[in-house]
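To be precise, the following lines are protein.csv, and they hold CSV, C-alpha atoms and all ligand atoms.
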chain,number,residue,atom,x,y,z
L,1,MET,CA,74.8,94.0,92.7
L,2,LYS,CA,75.7,97.6,92.3
L,3,SER,CA,78.8,98.1,94.3
L,4,ILE,CA,81.9,96.1,95.0
L,5,GLY,CA,85.2,96.5,97.0
L,6,VAL,CA,88.6,95.2,96.2
L,7,PHE,CA,91.6,94.8,98.5
L,8,THR,CA,95.0,93.1,98.7
L,9,SER,CA,96.1,91.3,101.8
L,10,GLY,CA,99.0,89.2,103.2
L,11,GLY,CA,102.3,89.3,101.4
L,12,ASP,CA,102.4,91.5,98.2
L,13,ALA,CA,103.1,89.7,94.9
L,14,PRO,CA,104.1,91.0,91.5
L,15,GLY,CA,100.9,91.1,89.4
L,16,MET,CA,98.6,92.3,92.2
L,17,ASN,CA,98.4,95.7,90.5
L,18,ALA,CA,97.5,94.1,87.2
L,19,CYS,CA,94.8,92.2,89.0
L,20,ILE,CA,93.5,95.4,90.8
L,21,ARG,CA,93.4,97.1,87.4
L,22,SER,CA,91.4,94.3,85.9
L,23,VAL,CA,88.9,94.2,88.8
L,24,VAL,CA,88.3,98.0,88.6
L,25,ARG,CA,88.0,98.1,84.8
L,26,THR,CA,85.8,95.0,84.6
L,27,GLY,CA,83.6,96.4,87.4
L,28,LEU,CA,83.2,99.7,85.6
L,29,TYR,CA,82.6,98.0,82.3
L,30,LEU,CA,79.7,96.1,83.9
L,31,GLY,CA,78.3,99.4,85.4
L,32,LEU,CA,79.3,98.8,89.0
L,33,ASP,CA,80.7,101.2,91.5
L,34,VAL,CA,84.2,99.9,92.6
L,35,TYR,CA,85.8,100.8,95.9
L,36,GLY,CA,89.4,100.3,96.7
L,37,ILE,CA,90.1,99.2,100.3
L,38,LYS,CA,93.6,100.1,101.5
L,39,TYR,CA,95.8,98.0,103.8
L,40,GLY,CA,93.8,94.8,103.5
L,41,TYR,CA,91.5,94.0,106.4
L,42,ASN,CA,93.0,96.8,108.4
L,43,GLY,CA,91.6,99.4,105.9
L,44,MET,CA,88.3,97.6,105.9
L,45,ILE,CA,88.1,98.0,109.7
L,46,ASP,CA,89.3,101.6,109.7
L,47,GLY,CA,87.2,102.7,106.7
L,48,ASP,CA,90.3,103.5,104.5
L,49,ILE,CA,88.1,103.1,101.4
L,50,TYR,CA,87.8,105.2,98.3
L,51,LYS,CA,85.9,105.1,95.1
L,52,MET,CA,88.0,104.1,92.1
L,53,LYS,CA,87.8,105.3,88.6
L,54,SER,CA,89.3,104.0,85.4
L,55,TYR,CA,92.2,106.4,85.8
L,56,SER,CA,92.9,105.2,89.4
L,57,VAL,CA,94.5,102.2,87.8
L,58,SER,CA,96.3,103.9,85.0
L,59,ASN,CA,100.0,103.1,84.5
L,60,ILE,CA,100.1,100.2,87.1
L,61,VAL,CA,99.9,97.0,85.0
L,62,GLN,CA,103.7,96.8,84.9
L,63,ARG,CA,104.4,97.8,88.5
L,64,GLY,CA,105.3,95.4,91.4
L,65,GLY,CA,103.8,95.8,94.9
L,66,THR,CA,100.2,96.9,95.3
L,67,ILE,CA,98.8,100.4,95.0
L,68,LEU,CA,96.1,99.4,97.6
L,69,LYS,CA,98.9,98.5,100.0
L,70,SER,CA,98.8,95.3,102.0
L,71,ALA,CA,98.8,94.3,105.7
L,72,ARG,CA,98.6,91.4,108.0
L,73,SER,CA,95.7,92.4,110.3
L,74,LYS,CA,95.5,91.2,113.9
L,75,ASP,CA,92.2,93.0,114.4
L,76,PHE,CA,90.4,91.1,111.7
L,77,MET,CA,91.2,87.9,113.7
L,78,THR,CA,88.7,89.1,116.3
L,79,LYS,CA,84.9,89.2,116.2
L,80,GLU,CA,84.9,92.9,117.1
L,81,GLY,CA,87.3,93.7,114.2
L,82,ARG,CA,85.1,91.9,111.7
L,83,ALA,CA,82.0,93.6,113.0
L,84,LYS,CA,83.6,97.0,112.4
L,85,ALA,CA,84.7,95.9,109.0
L,86,TYR,CA,81.1,94.9,108.1
L,87,GLU,CA,79.7,98.2,109.3
L,88,GLN,CA,82.2,100.1,107.1
L,89,LEU,CA,81.1,98.1,104.0
L,90,LYS,CA,77.4,98.5,104.9
L,91,LYS,CA,77.7,102.2,105.3
L,92,ARG,CA,79.0,102.5,101.7
L,93,GLY,CA,76.6,100.0,100.2
L,94,ILE,CA,79.4,97.6,99.2
L,95,GLU,CA,77.7,94.4,98.4
L,96,GLY,CA,80.5,92.1,97.3
L,97,LEU,CA,84.3,91.8,97.6
L,98,VAL,CA,87.2,90.7,95.6
L,99,ALA,CA,90.0,89.6,98.0
L,100,ILE,CA,93.5,89.3,96.4
L,101,GLY,CA,95.7,87.3,98.8
L,102,GLY,CA,96.8,84.0,100.0
L,103,ASP,CA,95.5,81.2,102.3
L,104,GLY,CA,95.3,83.4,105.4
L,105,THR,CA,93.3,86.1,103.5
L,106,PHE,CA,90.9,83.4,102.3
L,107,THR,CA,90.6,81.9,105.8
L,108,GLY,CA,89.5,85.3,107.0
L,109,ALA,CA,87.2,85.8,104.0
L,110,ASN,CA,85.6,82.5,104.7
L,111,ILE,CA,84.9,83.4,108.3
L,112,PHE,CA,83.6,86.8,107.3
L,113,TYR,CA,81.2,85.3,104.8
L,114,GLU,CA,79.9,82.8,107.3
L,115,GLU,CA,79.3,85.6,109.8
L,116,TYR,CA,77.8,88.3,107.5
L,117,GLY,CA,77.0,86.5,104.3
L,118,ILE,CA,78.7,89.1,102.1
L,119,PRO,CA,79.7,87.5,98.8
L,120,ILE,CA,83.5,87.3,98.4
L,121,VAL,CA,85.5,86.0,95.5
L,122,GLY,CA,89.2,85.5,96.0
L,123,ALA,CA,92.0,85.9,93.5
L,124,PRO,CA,95.2,83.9,94.5
L,125,GLY,CA,97.8,86.5,95.1
L,126,THR,CA,100.9,85.0,96.6
L,127,ILE,CA,104.4,84.1,95.3
L,128,ASP,CA,104.2,80.8,97.2
L,129,ASN,CA,101.9,79.1,94.6
L,130,ASP,CA,100.4,77.1,97.6
L,131,LEU,CA,96.7,77.3,96.8
L,132,TYR,CA,94.7,74.4,95.5
L,133,GLY,CA,92.3,75.5,92.7
L,134,SER,CA,94.8,77.4,90.5
L,135,ASP,CA,97.7,75.9,88.7
L,136,TYR,CA,99.6,79.1,89.3
L,137,THR,CA,99.2,82.1,91.7
L,138,ILE,CA,99.8,85.7,91.0
L,139,GLY,CA,103.5,86.5,91.5
L,140,PHE,CA,104.9,83.0,91.4
L,141,ASP,CA,106.3,83.2,87.9
L,142,THR,CA,108.0,86.5,88.6
L,143,ALA,CA,109.4,85.2,91.8
L,144,VAL,CA,110.8,82.1,90.1
L,145,ASN,CA,112.4,84.3,87.4
L,146,THR,CA,113.9,86.6,90.0
L,147,ALA,CA,115.3,83.7,92.0
L,148,LEU,CA,116.7,82.1,88.8
L,149,ASP,CA,118.5,85.3,87.9
L,150,ALA,CA,120.1,85.4,91.3
L,151,ILE,CA,121.1,81.7,91.2
L,152,ASP,CA,122.7,82.3,87.8
L,153,LYS,CA,124.7,85.1,89.3
L,154,ILE,CA,125.7,83.2,92.4
L,155,ARG,CA,126.8,80.3,90.1
L,156,ASP,CA,129.5,82.5,88.7
L,157,THR,CA,131.2,82.8,92.1
L,158,ALA,CA,130.5,79.1,93.0
L,159,ASN,CA,132.2,78.1,89.8
L,160,SER,CA,135.1,80.5,90.0
L,161,HIS,CA,136.0,79.6,93.6
L,162,ASP,CA,135.0,75.9,93.6
L,163,ARG,CA,132.4,76.5,96.3
L,164,VAL,CA,129.2,74.9,97.6
L,165,PHE,CA,126.4,77.5,97.8
L,166,PHE,CA,123.2,77.0,99.9
L,167,ILE,CA,120.7,79.4,98.4
L,168,GLU,CA,117.5,80.0,100.4
L,169,VAL,CA,114.3,80.9,98.5
L,170,MET,CA,110.9,81.9,99.9
L,171,GLY,CA,108.0,79.5,100.5
L,172,ARG,CA,106.8,79.2,104.1
L,173,HIS,CA,105.1,75.9,103.6
L,174,SER,CA,105.7,75.4,100.0
L,175,GLY,CA,108.6,74.3,97.8
L,176,TYR,CA,107.3,75.5,94.4
L,177,ILE,CA,109.7,78.4,94.1
L,178,ALA,CA,112.5,76.1,95.2
L,179,ILE,CA,111.8,73.3,92.8
L,180,GLN,CA,111.3,75.5,89.7
L,181,SER,CA,114.2,77.8,90.3
L,182,GLY,CA,116.3,74.8,91.3
L,183,ILE,CA,115.6,73.0,88.0
L,184,GLY,CA,116.0,76.1,85.9
L,185,GLY,CA,119.2,77.1,87.8
L,186,GLY,CA,120.8,73.6,87.5
L,187,ALA,CA,120.9,72.9,91.3
L,188,GLU,CA,122.5,69.7,92.5
L,189,LEU,CA,119.8,69.3,95.1
L,190,VAL,CA,116.5,71.1,96.1
L,191,MET,CA,115.2,70.9,99.7
L,192,VAL,CA,111.4,71.4,100.0
L,193,PRO,CA,109.0,71.2,102.9
L,194,GLU,CA,106.8,68.7,101.1
L,195,THR,CA,109.5,66.0,100.9
L,196,SER,CA,111.9,64.8,103.6
L,197,THR,CA,115.6,65.3,102.8
L,198,THR,CA,118.1,64.3,105.5
L,199,ILE,CA,121.5,65.9,106.0
L,200,GLY,CA,122.8,62.5,105.0
L,201,ASP,CA,121.1,62.9,101.7
L,202,VAL,CA,122.7,66.3,101.2
L,203,ILE,CA,126.2,65.0,102.1
L,204,GLN,CA,125.8,62.0,99.7
L,205,THR,CA,124.7,64.3,96.8
L,206,LEU,CA,127.7,66.6,97.4
L,207,LYS,CA,130.1,63.6,97.7
L,208,GLU,CA,128.8,62.1,94.5
L,209,GLY,CA,129.3,65.4,92.7
L,210,ARG,CA,132.9,65.5,93.9
L,211,ASP,CA,133.4,61.9,92.7
L,212,ASN,CA,132.1,63.0,89.3
L,213,GLN,CA,134.7,65.8,89.1
L,214,LYS,CA,132.3,68.6,90.0
L,215,THR,CA,134.1,71.5,91.5
L,216,SER,CA,131.1,73.5,92.7
L,217,SER,CA,127.6,72.8,93.8
L,218,ILE,CA,124.3,74.6,94.3
L,219,VAL,CA,121.7,73.5,96.8
L,220,VAL,CA,118.4,75.4,96.8
L,221,VAL,CA,116.7,75.4,100.2
L,222,ALA,CA,113.0,76.4,100.6
L,223,GLU,CA,112.8,78.5,103.8
L,224,GLY,CA,110.2,76.2,105.4
L,225,GLY,CA,112.1,72.9,105.2
L,226,GLU,CA,112.4,70.4,108.0
L,227,GLN,CA,116.2,70.7,108.3
L,228,GLY,CA,115.8,74.4,109.0
L,229,ASP,CA,116.8,77.4,107.0
L,230,ALA,CA,119.8,77.5,104.6
L,231,LEU,CA,122.2,78.7,107.4
L,232,GLU,CA,121.2,75.8,109.6
L,233,VAL,CA,121.5,73.3,106.8
L,234,ALA,CA,124.9,74.7,105.8
L,235,ALA,CA,126.2,74.5,109.4
L,236,LYS,CA,125.2,70.9,109.7
L,237,VAL,CA,126.9,70.0,106.4
L,238,ALA,CA,130.0,71.9,107.2
L,239,LYS,CA,130.4,69.9,110.4
L,240,GLU,CA,130.4,66.6,108.4
L,241,LEU,CA,132.4,67.9,105.4
L,242,PRO,CA,134.8,70.5,106.9
L,243,ASP,CA,137.0,70.7,103.8
L,244,LEU,CA,134.2,72.2,101.6
L,245,ASP,CA,134.2,75.9,100.9
L,246,ILE,CA,130.6,76.7,101.8
L,247,ARG,CA,128.6,79.9,101.4
L,248,VAL,CA,125.0,80.8,102.1
L,249,SER,CA,122.8,83.2,100.3
L,250,THR,CA,119.3,84.1,101.4
L,251,LEU,CA,117.4,85.7,98.6
L,252,GLY,CA,114.6,87.1,100.7
L,253,HIS,CA,112.2,89.9,99.6
L,254,ILE,CA,113.8,90.5,96.3
L,255,GLN,CA,111.6,87.6,95.2
L,256,ARG,CA,108.5,89.5,96.1
L,257,GLY,CA,109.3,92.7,94.2
L,258,GLY,CA,109.8,94.0,90.7
L,259,SER,CA,107.9,94.2,87.5
L,260,PRO,CA,105.7,91.2,86.8
L,261,THR,CA,106.5,88.9,84.0
L,262,SER,CA,104.2,88.7,81.0
L,263,TYR,CA,102.8,85.4,82.4
L,264,ASP,CA,101.9,87.1,85.7
L,265,ARG,CA,100.3,90.1,84.0
L,266,ILE,CA,98.1,88.0,81.9
L,267,LEU,CA,97.2,85.6,84.7
L,268,SER,CA,96.4,88.5,87.0
L,269,SER,CA,94.2,90.2,84.4
L,270,ARG,CA,92.3,87.0,83.7
L,271,LEU,CA,91.7,86.3,87.4
L,272,GLY,CA,90.6,89.9,88.0
L,273,MET,CA,88.0,89.8,85.3
L,274,ALA,CA,86.8,86.4,86.3
L,275,ALA,CA,86.5,87.4,89.9
L,276,VAL,CA,84.2,90.3,89.1
L,277,GLU,CA,82.2,88.3,86.6
L,278,GLY,CA,81.9,85.5,89.2
L,279,LEU,CA,80.5,87.9,91.8
L,280,VAL,CA,78.0,89.3,89.4
L,281,ASN,CA,76.9,85.8,88.4
L,282,GLY,CA,76.3,84.8,92.0
L,283,GLU,CA,79.6,83.2,93.0
L,284,LYS,CA,80.4,83.5,96.7
L,285,ASN,CA,82.9,82.2,99.1
L,286,VAL,CA,85.1,80.9,96.3
L,287,MET,CA,88.6,81.4,94.9
L,288,VAL,CA,88.9,81.9,91.2
L,289,GLY,CA,91.8,80.1,89.5
L,290,VAL,CA,93.1,79.0,86.2
L,291,VAL,CA,93.2,75.2,85.9
L,292,ASN,CA,94.5,73.7,82.6
L,293,ASP,CA,94.2,77.1,81.1
L,294,LYS,CA,90.5,77.4,82.0
L,295,ILE,CA,88.8,79.6,84.6
L,296,ALA,CA,87.6,77.6,87.6
L,297,TYR,CA,86.0,78.5,90.9
L,298,THR,CA,86.9,76.5,94.0
L,299,SER,CA,85.4,76.9,97.5
L,300,PHE,CA,87.6,78.8,99.9
L,301,LYS,CA,87.5,75.8,102.2
L,302,LEU,CA,89.0,73.5,99.6
L,303,ALA,CA,91.5,76.1,98.3
L,304,ILE,CA,92.8,76.6,101.8
L,305,SER,CA,92.8,73.0,103.1
L,306,LYS,CA,93.6,70.8,100.1
L,307,ALA,CA,97.3,70.3,99.5
L,308,LYS,CA,98.7,71.1,96.1
L,309,PRO,CA,101.6,68.6,96.0
L,310,ILE,CA,104.7,69.2,94.0
L,311,ASN,CA,104.8,67.0,90.9
L,312,PRO,CA,107.1,64.1,91.9
L,313,GLU,CA,108.4,64.0,88.4
L,314,LEU,CA,110.1,67.4,89.1
L,315,MET,CA,111.9,66.0,92.1
L,316,ARG,CA,113.0,63.1,90.0
L,317,LEU,CA,114.2,65.5,87.4
L,318,VAL,CA,116.5,67.2,89.8
L,319,ASP,CA,117.9,63.9,90.9
L,320,ILE,CA,118.6,62.7,87.4
L,321,LEU,CA,120.1,66.0,86.1
L,322,SER,CA,122.4,66.4,89.0
L,323,ILE,CA,124.6,63.3,88.3
B,401,LIG,N1,91.7,82.7,111.2
B,401,LIG,C1,91.6,83.9,110.7
B,401,LIG,N2,90.5,84.7,111.0
B,401,LIG,C2,90.4,85.9,110.6
B,401,LIG,N3,91.3,86.5,109.8
B,401,LIG,C3,92.3,85.8,109.3
B,401,LIG,C4,92.5,84.5,109.8
B,401,LIG,N4,93.7,84.0,109.2
B,401,LIG,C5,94.2,85.1,108.5
B,401,LIG,N5,93.3,86.1,108.5
B,401,LIG,C6,93.5,87.4,108.0
B,401,LIG,O1,94.2,87.4,106.7
B,401,LIG,C7,95.4,88.2,106.8
B,401,LIG,C8,96.4,87.6,105.7
B,401,LIG,O2,96.8,86.3,106.1
B,401,LIG,P1,98.3,86.0,106.0
B,401,LIG,O3,99.1,87.0,106.8
B,401,LIG,O4,98.5,84.5,106.5
B,401,LIG,O5,98.7,86.1,104.5
B,401,LIG,P2,98.2,85.3,103.3
B,401,LIG,O6,96.9,85.8,102.8
B,401,LIG,O7,98.3,83.8,103.6
B,401,LIG,O8,99.3,85.7,102.2
B,401,LIG,P3,100.8,85.1,102.0
B,401,LIG,O9,100.6,83.7,101.4
B,401,LIG,O10,101.4,86.0,101.0
B,401,LIG,O11,101.5,85.1,103.3
B,401,LIG,C9,95.8,88.1,108.2
B,401,LIG,O12,96.7,89.1,108.5
B,401,LIG,C10,94.5,88.2,108.9
B,401,LIG,O13,94.1,89.6,108.9
B,402,LIG,O1,107.1,89.8,104.4
B,402,LIG,P1,106.8,88.9,105.5
B,402,LIG,O2,105.6,89.4,106.3
B,402,LIG,O3,108.0,88.7,106.4
B,402,LIG,O4,106.4,87.5,104.9
B,402,LIG,C1,107.3,86.6,104.4
B,402,LIG,C2,106.5,85.4,103.9
B,402,LIG,O5,105.6,85.9,102.9
B,402,LIG,C3,105.8,85.1,101.7
B,402,LIG,O6,106.6,85.8,100.8
B,402,LIG,C4,104.5,84.8,101.0
B,402,LIG,O7,103.6,84.1,101.8
B,402,LIG,C5,106.4,83.8,102.2
B,402,LIG,O8,107.1,83.1,101.2
B,402,LIG,C6,107.3,84.4,103.3
B,402,LIG,O9,107.7,83.4,104.2

Show the structure stored in the file as structure tokens.
Ligand SMILES: Nc1ncnc2c1ncn2[C@@H]1O[C@H](COP(=O)(O)OP(=O)(O)OP(=O)(O)O)[C@@H](O)[C@H]1O
Ligand SMILES: O=P(O)(O)OC[C@H]1O[C@](O)(CO)[C@@H](O)[C@@H]1O
Amino acid sequence: MKSIGVFTSGGDAPGMNACIRSVVRTGLYLGLDVYGIKYGYNGMIDGDIYKMKSYSVSNIVQRGGTILKSARSKDFMTKEGRAKAYEQLKKRGIEGLVAIGGDGTFTGANIFYEEYGIPIVGAPGTIDNDLYGSDYTIGFDTAVNTALDAIDKIRDTANSHDRVFFIEVMGRHSGYIAIQSGIGGGAELVMVPETSTTIGDVIQTLKEGRDNQKTSSIVVVAEGGEQGDALEVAAKVAKELPDLDIRVSTLGHIQRGGSPTSYDRILSSRLGMAAVEGLVNGEKNVMVGVVNDKIAYTSFKLAISKAKPINPELMRLVDILSI
């Protein structure tokens, strides 16, 4: 293999830049040509591709976002789009790809590999931490710390005004950010898509808190929960407990931005290096991850389809610590 391409796709995540830097520098170290593909699959289709040098990735290890930009590409979902993308790669002699993204990105990569046989190694870049085959994904640790910082601040008002706050965190189908920021932030309850929580459960927890002389409460709600978003949950609770002083705060995209934590920078750098080494050693159609602190390659199919359940002990911990 002489030439590889790298791109970021789906939602951006803090640490993606550190991963790009690692891919580029590992590739150059191994004597490869490295091409940056901009705007994910859209740039692959449009030929928005440039040769990267060591200096192309200077001064980015600490930066959030992605210098290669990101996109959610409708065109790549079509056969015609993927055919154009393949032609662009062929034209430049790009023989292998490192895809930094989430489950959607790897679903597309899997289809692309099956159609054109171009080796692809994925690096899990999503704050959601919802990919099987890596204990943690790029950006998750930073997102949790950002959410935690926000929860700490909201707690000041909750406490001063004797209020109940419903705080919504990201995670379309995954409660990882919710459970970790909830435990770290001392939430009374955490609602995650993986586990069923009824409005009755929420009411009972809040009532128990009151019975235990708690004057304020924090409920962390993952955006993809079965009871709806934080606004919906709060409205349902307010109907049953009209005397509560309830507020809602949706943290939104602040969780996706900012300088990556040390953990994310190191994870991203390890994954970038292992992705390129994997490609050179013949890995294809796999996602690279870190499992029990060791590099592991997992087929895209498994990484996408296999659930990564939240440790039930963590849910129990919230329960016990909220009395
Ligand atoms: N079935 C598919 N066929 C072809 N391409 C796909 C398919 N599913 C997803 N993709 C491509 O992957 C892109 C990224 O997917 P998606 O928007 O779901 O983000 P993601 O990688 O899951 O990241 P995040 O977890 O941050 O949302 C899509 O915009 C699309 O271009
Ligand atoms: O920025 P967008 O495209 O609205 O995507 C938001 C989604 O992306 C994620 O941040 C990462 O997948 C989800 O948690 C969230 O639902």

Using all atoms listed in the file, what are the residues with an atom within 10 Å of ligand LIG 401 (chain B), set out as a ChimeraX atom specification? /L:8-13,39-42,70-79,81-82,99-112,124-131,137,139,171-174,256,304

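With only the atoms specified (only C-alpha atoms) counting, those residues at most 6 Å away from (88.1, 96.9, 102.1) are Gly5, Phe7, Ile37, Gly43 and Met44 of chain L.
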
From the list L:Val237, L:Gly257, L:Ile183, L:Ala178, which residue is nearest Gly225 of chain L when using all atoms listed in the file?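 Of L:Val237, L:Gly257, L:Ile183, L:Ala178, the one nearest Gly225 of chain L is L:Ala178, counting all atoms listed in the file.
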
For Phe165 of chain L, which residue out of L:Lys308, L:Arg247, L:Lys53, L:Lys90 is the nearest one, using all atoms listed in the file?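 Once distances to Phe165 of chain L are computed over all atoms listed in the file, the minimum belongs to L:Arg247.
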
Of the candidates L:Leu267, L:Leu189, L:Ile295, L:Ala150, which one gets nearest to Ala18 of chain L if we count all atoms listed in the file?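 The answer is L:Leu267, which sits nearest to Ala18 of chain L.
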
Taking all atoms listed in the file into account, name the residue in L:Thr157, L:Ser134, L:Thr250, L:Gln88 that is nearest to Met170 of chain L.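 The shortest atom-to-atom distance to Met170 of chain L comes from L:Thr250.
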
Out of L:Val23, L:Val202, L:Met16, L:Ala83, which residue has the shortest atom-to-atom distance to Gln227 of chain L when counting all atoms listed in the file?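 Once distances to Gln227 of chain L are computed over all atoms listed in the file, the minimum belongs to L:Val202.
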
Which residues are near segment 318-321 of chain L? Cut-off 8 Å, all atoms listed in the file, ignore same chain within fewer than 2 positions. Put them as a list of chain:residue names. L:Gly182, L:Ile183, L:Gly186, L:Ala187, L:Glu188, L:Leu189, L:Val190, L:Leu314, L:Met315, L:Arg316, L:Ile323

Neighbour list for Thr261 of chain L as an mmCIF file with C-alpha atoms, keeping the file's coordinate frame, cut-off 10 Å, all atoms listed in the file, skip fewer than 5 positions in-chain:
data_model
loop_
_atom_site.group_PDB
_atom_site.id
_atom_site.type_symbol
_atom_site.label_atom_id
_atom_site.label_comp_id
_atom_site.auth_asym_id
_atom_site.auth_seq_id
_atom_site.Cartn_x
_atom_site.Cartn_y
_atom_site.Cartn_z
ATOM 1 C CA PRO L 14 104.100 91.000 91.500
ATOM 2 C CA GLY L 15 100.900 91.100 89.400
ATOM 3 C CA GLN L 62 103.700 96.800 84.900
ATOM 4 C CA GLY L 64 105.300 95.400 91.400
ATOM 5 C CA GLY L 139 103.500 86.500 91.500
ATOM 6 C CA PHE L 140 104.900 83.000 91.400
ATOM 7 C CA ASP L 141 106.300 83.200 87.900
ATOM 8 C CA THR L 142 108.000 86.500 88.600
ATOM 9 C CA ALA L 143 109.400 85.200 91.800
ATOM 10 C CA ASN L 145 112.400 84.300 87.400
ATOM 11 C CA THR L 146 113.900 86.600 90.000
ATOM 12 C CA ILE L 266 98.100 88.000 81.900
ATOM 13 C CA LEU L 267 97.200 85.600 84.700
#

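Across the model, the gap from atom CA of Gly185 of chain L to atom CA of Gln204 of chain L is 20.3 Å.
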
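Restricting the calculation to all atoms listed in the file, the smallest distance between ligand LIG 402 (chain B) and any of L:Glu283, L:Val248, L:Ser217, L:Gly65 is found for L:Gly65.
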
Please indicate the distance in Å from atom CA of Val219 of chain L to atom CA of Val192 of chain L, rounded to one decimal place.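 Atom CA of Val192 of chain L lies at a distance of 11.0 Å from atom CA of Val219 of chain L.
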
Using atom CA of Ala85 of chain L and atom CA of Met287 of chain L as the two end points, give the distance in Å to one decimal.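 Separating atom CA of Ala85 of chain L from atom CA of Met287 of chain L is a distance of 20.6 Å.
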
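Near Tyr55 of chain L, within a cut-off of 12 Å and counting all atoms listed in the file, sit the residues Arg21, Val24, Arg25, Leu28, Lys51, Met52, Lys53, Val57, Ser58, Asn59 and Ile60 of chain L, with same-chain residues fewer than 2 positions away left out.
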
Set the distance at 7 Å and use only C-alpha atoms: which residues neighbour Ile94 of chain L once local chain neighbours fewer than 5 positions away are removed? I'd like the list as a list in words. Ser3, Ile4, Gly5 and Leu89 of chain L

Set the distance at 12 Å and use all atoms listed in the file: which residues neighbour Glu95 of chain L once local chain neighbours fewer than 4 positions away are removed? I'd like the list as a VMD selection string. chain L and resid 1 to 6 32 to 35 86 to 91 113 116 to 121 279 to 280 282 284
